[in-house]
$ cat upload.txt   # compact mmCIF, C-alpha atoms
# COMPACT_ATOMS: atom_id res chain seq x y z
CA MET A 350 35.30 10.09 41.99
CA MET A 351 31.84 9.40 43.24
CA GLY A 352 30.45 9.76 39.77
CA ASP A 353 32.80 7.12 38.50
CA ASN A 354 31.88 4.71 41.24
CA GLY A 355 28.23 5.21 40.58
CA ASN A 356 28.73 4.43 36.96
CA LYS A 357 30.62 1.27 37.65
CA LEU A 358 28.02 0.10 40.11
CA ALA A 359 25.29 0.75 37.60
CA ARG A 360 27.12 -1.18 34.96
CA LEU A 361 27.66 -4.21 37.12
CA ILE A 362 24.06 -5.11 36.45
CA PRO A 363 23.63 -6.62 33.01
CA GLU A 364 21.19 -4.76 30.79
CA ALA A 365 19.19 -7.92 30.24
CA SER A 366 18.27 -8.14 33.90
CA LEU A 367 16.83 -4.64 33.94
CA GLY A 368 13.20 -5.50 33.69
CA ASP A 369 10.36 -3.18 34.50
CA GLN A 370 10.17 -4.45 38.03
CA LEU A 371 13.57 -3.02 38.98
CA ALA A 372 14.05 -5.65 41.63
CA SER A 373 17.71 -4.80 42.04
CA ASP A 374 17.31 -1.04 42.34
CA PRO A 375 16.89 0.88 45.55
CA LYS A 376 13.48 2.43 45.99
CA LEU A 377 12.70 5.81 47.49
CA ASP A 378 9.71 6.37 49.67
CA THR A 379 7.06 8.48 47.98
CA THR A 380 7.62 11.56 50.15
CA SER A 381 11.28 11.83 49.25
CA GLN A 382 10.51 11.04 45.65
CA LYS A 383 7.99 13.86 45.54
CA ARG A 384 10.40 16.31 47.15
CA ILE A 385 13.11 15.47 44.67
CA GLY A 386 10.64 15.75 41.79
CA ASP A 387 9.29 19.09 43.01
CA GLN A 388 12.74 20.60 43.40
CA LEU A 389 13.84 19.33 40.02
CA ARG A 390 10.81 20.80 38.28
CA ALA A 391 11.14 24.10 40.12
CA MET A 392 14.77 24.43 39.10
CA TYR A 393 14.00 23.41 35.54
CA ASP A 394 10.95 25.67 35.19
CA GLU A 395 13.09 28.60 36.12
CA LEU A 396 15.33 27.77 33.17
CA VAL A 397 12.41 27.23 30.80
CA GLN A 398 10.96 30.61 31.74
CA GLN A 399 14.09 32.52 30.86
CA PRO A 400 13.55 34.78 27.85
CA VAL A 401 14.66 33.29 24.54
CA PRO A 402 17.87 35.00 23.40
CA ASP A 403 17.46 37.05 20.23
CA ARG A 404 20.02 34.98 18.40
CA PHE A 405 17.44 32.23 17.87
CA LYS A 406 14.76 34.48 16.45
CA ASN A 407 17.37 36.15 14.27
CA LEU A 408 18.75 32.84 13.11
CA LEU A 409 15.39 31.54 11.94
CA GLU A 410 14.47 34.85 10.33
CA GLN A 411 17.77 34.99 8.48
CA LEU A 412 17.36 31.47 7.20
CA GLU A 413 13.92 32.27 5.94
CA LYS A 414 15.07 35.47 4.28
CA LYS A 415 18.03 33.80 2.66
CA ASP A 416 15.79 31.11 1.30
CA ARG A 417 13.29 33.61 -0.09
CA GLU A 418 16.08 35.41 -1.87
CA THR A 419 17.49 32.30 -3.44
CA SER A 420 14.13 30.85 -4.47
CA THR A 421 12.65 33.98 -6.07
CA MET B 1327 15.46 23.65 3.45
CA THR B 1328 13.16 26.50 4.39
CA PRO B 1329 11.29 26.70 7.60
CA GLU B 1330 7.66 27.18 6.73
CA PRO B 1331 6.18 29.87 8.97
CA ASP B 1332 4.33 27.46 11.23
CA LEU B 1333 7.34 25.22 11.46
CA ARG B 1334 9.52 28.18 12.29
CA ASP B 1335 7.13 29.06 15.07
CA ALA B 1336 7.20 25.50 16.30
CA LEU B 1337 10.98 25.50 16.36
CA LEU B 1338 11.05 28.82 18.17
CA ALA B 1339 8.49 27.53 20.63
CA ALA B 1340 10.74 24.56 21.37
CA VAL B 1341 13.75 26.75 22.19
CA PRO B 1342 12.97 27.38 25.89
CA SER B 1343 12.74 23.69 26.72
CA LEU B 1344 15.73 22.83 24.54
CA ARG B 1345 17.74 25.48 26.35
CA ALA B 1346 16.66 24.27 29.77
CA PHE B 1347 17.70 20.74 28.85
CA ALA B 1348 20.99 21.87 27.32
CA ILE B 1349 21.86 24.09 30.27
CA SER B 1350 21.06 21.32 32.72
CA LEU B 1351 23.09 18.81 30.71
CA SER B 1352 26.15 20.91 30.06
CA GLY B 1353 26.13 23.26 33.02
CA GLN B 1354 27.07 26.19 30.79
CA VAL B 1355 24.68 28.72 29.35
CA ASP B 1356 26.92 29.77 26.45
CA ARG B 1357 27.65 26.23 25.49
CA ALA B 1358 23.99 25.34 25.85
CA ASP B 1359 23.00 28.12 23.47
CA ASP B 1360 25.54 26.89 20.92
CA LEU B 1361 24.09 23.41 21.29
CA VAL B 1362 20.56 24.70 20.75
CA GLN B 1363 21.65 26.65 17.70
CA ASP B 1364 23.40 23.60 16.24
CA THR B 1365 20.28 21.58 16.99
CA LEU B 1366 18.06 24.00 15.07
CA LEU B 1367 20.42 24.04 12.09
CA ARG B 1368 20.70 20.27 12.10
CA ALA B 1369 16.93 19.95 12.36
CA LEU B 1370 16.37 22.31 9.43
CA SER B 1371 18.78 20.49 7.19
CA ASN B 1372 17.20 17.15 8.10
CA LEU B 1373 13.57 18.17 7.95
CA HIS B 1374 12.86 15.51 5.34
CA ARG B 1375 13.64 12.92 8.01
CA PHE B 1376 11.11 14.26 10.45
CA GLU B 1377 7.88 12.32 10.33
CA ARG B 1378 5.03 14.77 10.30
CA GLY B 1379 2.58 14.17 13.07
CA THR B 1380 5.18 12.76 15.44
CA ASN B 1381 6.50 14.65 18.42
CA LEU B 1382 8.67 17.51 17.17
CA ASN B 1383 10.07 18.18 20.62
CA ALA B 1384 11.17 14.59 21.07
CA TRP B 1385 12.88 14.72 17.69
CA LEU B 1386 14.69 17.96 18.59
CA PHE B 1387 15.73 16.61 21.98
CA THR B 1388 17.15 13.54 20.23
CA ILE B 1389 19.23 15.75 17.95
CA LEU B 1390 20.42 17.91 20.82
CA ARG B 1391 21.33 14.92 22.92
CA ASN B 1392 23.28 13.32 20.08
CA LEU B 1393 25.16 16.55 19.41
CA PHE B 1394 25.92 16.90 23.09
CA HIS B 1395 27.32 13.38 23.30
CA SER B 1396 29.37 13.52 20.14
CA GLU B 1397 30.88 16.75 21.39
CA TYR B 1398 31.56 15.20 24.76
CA ARG B 1399 33.17 12.17 23.26
CA LYS B 1400 35.72 14.58 21.90
CA ARG B 1401 36.19 16.19 25.28
CA ARG B 1402 36.01 13.11 27.39
CA ARG B 1403 37.50 14.55 30.53
CA GLU B 1404 34.44 16.72 30.98
CA VAL B 1405 31.91 13.93 30.91
CA GLU B 1406 31.90 13.27 34.62
CA ASP B 1407 32.42 15.85 37.26
CA PRO B 1408 34.56 14.49 40.07
CA ASP B 1409 35.91 17.86 41.12
CA GLY B 1410 32.63 19.72 40.95
CA SER B 1411 33.59 21.89 38.00
CA TYR B 1412 30.20 21.29 36.41
CA ALA B 1413 28.56 22.51 39.58
CA SER B 1414 30.66 25.63 39.79
CA ARG B 1415 30.02 26.42 36.14
CA LEU B 1416 26.31 26.06 36.62
CA LYS B 1417 25.53 29.67 37.35
CA VAL B 1418 22.41 30.57 35.52
CA GLN B 1419 21.80 34.06 36.90
CA PRO B 1420 18.14 33.98 37.84
CA GLU B 1421 17.21 36.25 40.74
CA GLN B 1422 19.54 35.92 43.67
CA GLY B 1423 17.05 34.46 46.10
CA SER B 1424 15.81 31.69 43.90
CA ARG B 1425 19.28 30.76 42.76
CA LEU B 1426 20.36 30.20 46.31
CA ASP B 1427 17.37 27.97 46.83
CA PHE B 1428 18.50 25.69 44.04
CA GLU B 1429 22.22 25.78 44.77
CA ASP B 1430 22.28 22.56 46.79
CA PHE B 1431 20.05 20.84 44.33
CA ARG B 1432 22.17 21.84 41.35
CA SER B 1433 25.38 20.68 42.89
CA ALA B 1434 23.77 17.36 43.82
CA LEU B 1435 22.47 17.00 40.26
CA ALA B 1436 25.97 17.69 38.99
CA LYS B 1437 27.32 14.76 40.98
CA LEU B 1438 25.15 12.23 39.19
CA PRO B 1439 26.61 10.06 36.44
CA SER B 1440 25.68 11.76 33.18
CA ASP B 1441 23.41 8.97 31.96
CA GLN B 1442 21.36 9.20 35.16
CA ARG B 1443 21.22 12.99 35.04
CA GLU B 1444 20.04 12.89 31.46
CA ALA B 1445 17.33 10.30 32.15
CA LEU B 1446 16.07 12.22 35.17
CA LEU B 1447 15.96 15.49 33.24
CA LEU B 1448 14.00 13.95 30.39
CA VAL B 1449 11.44 12.14 32.51
CA GLY B 1450 11.32 14.18 35.70
CA ALA B 1451 11.69 17.67 34.29
CA SER B 1452 11.05 17.80 30.54
CA GLY B 1453 7.88 15.76 30.81
CA PHE B 1454 8.70 12.94 28.43
CA SER B 1455 7.30 9.48 29.02
CA TYR B 1456 9.69 6.64 29.78
CA GLU B 1457 9.08 5.38 26.25
CA GLU B 1458 9.91 8.74 24.67
CA ALA B 1459 12.99 9.11 26.84
CA ALA B 1460 14.11 5.62 25.81
CA ASN B 1461 13.73 6.60 22.15
CA ILE B 1462 15.62 9.83 22.68
CA CYS B 1463 18.49 8.02 24.40
CA GLY B 1464 18.40 4.99 22.14
CA CYS B 1465 18.08 2.50 24.97
CA ALA B 1466 15.51 0.20 26.55
CA VAL B 1467 12.60 1.54 28.59
CA GLY B 1468 13.76 -0.54 31.55
CA THR B 1469 17.17 1.09 31.37
CA ILE B 1470 15.61 4.55 31.54
CA LYS B 1471 13.43 3.54 34.47
CA SER B 1472 16.44 2.18 36.26
CA ARG B 1473 18.51 5.31 35.62
CA VAL B 1474 15.72 7.62 36.78
CA ASN B 1475 15.26 5.56 39.88
CA ARG B 1476 18.95 5.57 40.69
CA ALA B 1477 19.19 9.27 39.99
CA ARG B 1478 16.39 10.03 42.44
CA PHE B 1479 17.85 7.79 45.06
CA ARG B 1480 21.29 9.28 44.65
CA LEU B 1481 19.94 12.82 44.82
CA ALA B 1482 18.01 12.01 47.96
CA SER B 1483 21.10 10.65 49.63
CA LEU B 1484 23.30 13.52 48.45
CA LEU B 1485 20.85 16.12 49.68
CA ASN B 1486 20.42 14.16 52.87
CA VAL B 1487 24.15 14.22 53.52
CA ASP B 1488 24.34 17.94 52.89
CA ASP B 1489 21.28 18.91 54.82
CA VAL B 1490 19.77 16.27 57.05
CA ASP B 1491 16.91 18.37 58.30
CA ASP B 1492 15.77 19.22 54.83
CA LEU B 1493 15.00 15.78 53.53
CA GLY B 1494 11.78 15.37 55.41
CA PRO B 1495 10.20 15.04 58.80
CA ASP B 1496 10.25 11.29 58.86
CA SER B 1497 13.30 10.15 60.75
CA MET B 1498 12.45 6.50 60.15
CA THR B 1499 12.70 7.14 56.44
CA ARG B 1500 15.98 8.89 56.92
CA ALA B 1501 17.37 6.03 58.95
CA ALA B 1502 16.18 3.57 56.35
CA LEU B 1503 17.77 5.59 53.56
CA GLN B 1504 21.07 5.83 55.33
CA SER B 1505 21.24 2.21 56.30
CA SER B 1506 20.58 1.07 52.75
CA ILE B 1507 23.35 3.11 51.18
$ encode --input "upload.txt" --output "structure tokens"
Amino acid sequence: MMGDNGNKLARLIPEASLGDQLASDPKLDTTSQKRIGDQLRAMYDELVQQPVPDRFKNLLEQLEKKDRETST
Amino acid sequence: MTPEPDLRDALLAAVPSLRAFAISLSGQVDRADDLVQDTLLRALSNLHRFERGTNLNAWLFTILRNLFHSEYRKRRREVEDPDGSYASRLKVQPEQGSRLDFEDFRSALAKLPSDQREALLLVGASGFSYEEAANICGCAVGTIKSRVNRARFRLASLLNVDDVDDLGPDSMTRAALQSSI
């Protein structure tokens, strides 16, 4: 429910009025902004550092092999 | 279309960040991996459209995002997450300790409208500029800035509600945040 409300609120503001100055948007103080940013990056970095599943290496290798076979 | 060896390496090198984005967007590792695979296949069959010298990652993110949204248009009910199902699905099995650290943050992130979550992930986590994020999402730079700003604000208030003492030492800030919501 909250997500829906947030969306509606956001859409009440016409796109055209969304300039770079963001006069109508709430602003966070820099400390909170930094905390949010740090937590977001920490969470995300953990995902980025997960090992790449073999399926992706295999996929690209297979495609290459298939193409070599068909082109030679 | 064949991946040339260096292109194949570049695609493979992009996989970790594509996965992180896809997992954060969809909240499901399996689904995210399918999305990444579809992205790679789509990219390979459209290589002629990629302008050499431009940002490969941005191009791949654009493809992934478009695939994600066209899939979600088909499954509309999952777009938003009023009942927290996204949050409960978002179990990404890193070590126990670190997962617990991010639990509150993940569930707060899951409560954001999807356009705000996406903008925040692109700019705040994936390291794209506002301009690149605007290109990836096909909208104006000002729109991205606004979404990122709202996302941060919303996260701060959500985390504040869940854990007042964790937001920061400055009670004036906290009071100001609460009174402006």
$ interface_residues --input "upload.txt" --of "chain B" --to "chain A" --cutoff "6 Å" --atoms "all atoms listed in the file" --output "list of chain:residue names"
B:Pro1342, B:Ser1343, B:Ala1346, B:Pro1408, B:Leu1438, B:Pro1439, B:Ala1451, B:Gly1468
$ residues_near_point --input "upload.txt" --point "(24.7, 30.4, 25.2)" --cutoff "10 Å" --atoms "all atoms listed in the file" --output "PyMOL selection string"
(chain A and resi 402+404) or (chain B and resi 1345+1348-1349+1354-1363)
$ atom_distance --input "upload.txt" --atom1 "CA of Ser1352 in chain B" --atom2 "CA of Arg1334 in chain B"
25.4 Å
$ axis_aligned_box --input "upload.txt" --around "range 392-408 of chain A" --padding-each-side "8 Å" --output "lines of an AutoDock Vina configuration file"
center_x = 15.5
center_y = 30.2
center_z = 26.1
size_x = 25.1
size_y = 29.6
size_z = 42.0
$ atom_distance --input "upload.txt" --atom1 "CA of Lys1471 in chain B" --atom2 "CA of Ser1350 in chain B"
19.4 Å
$ atom_distance --input "upload.txt" --atom1 "CA of Ala1459 in chain B" --atom2 "CA of Ala1384 in chain B"
8.2 Å
$ closest_residue --input "upload.txt" --among "B:Thr1380, B:Thr1388, B:Ile1470, B:Asn1486" --to "Phe1431 in chain B" --atoms "all atoms listed in the file"
B:Asn1486
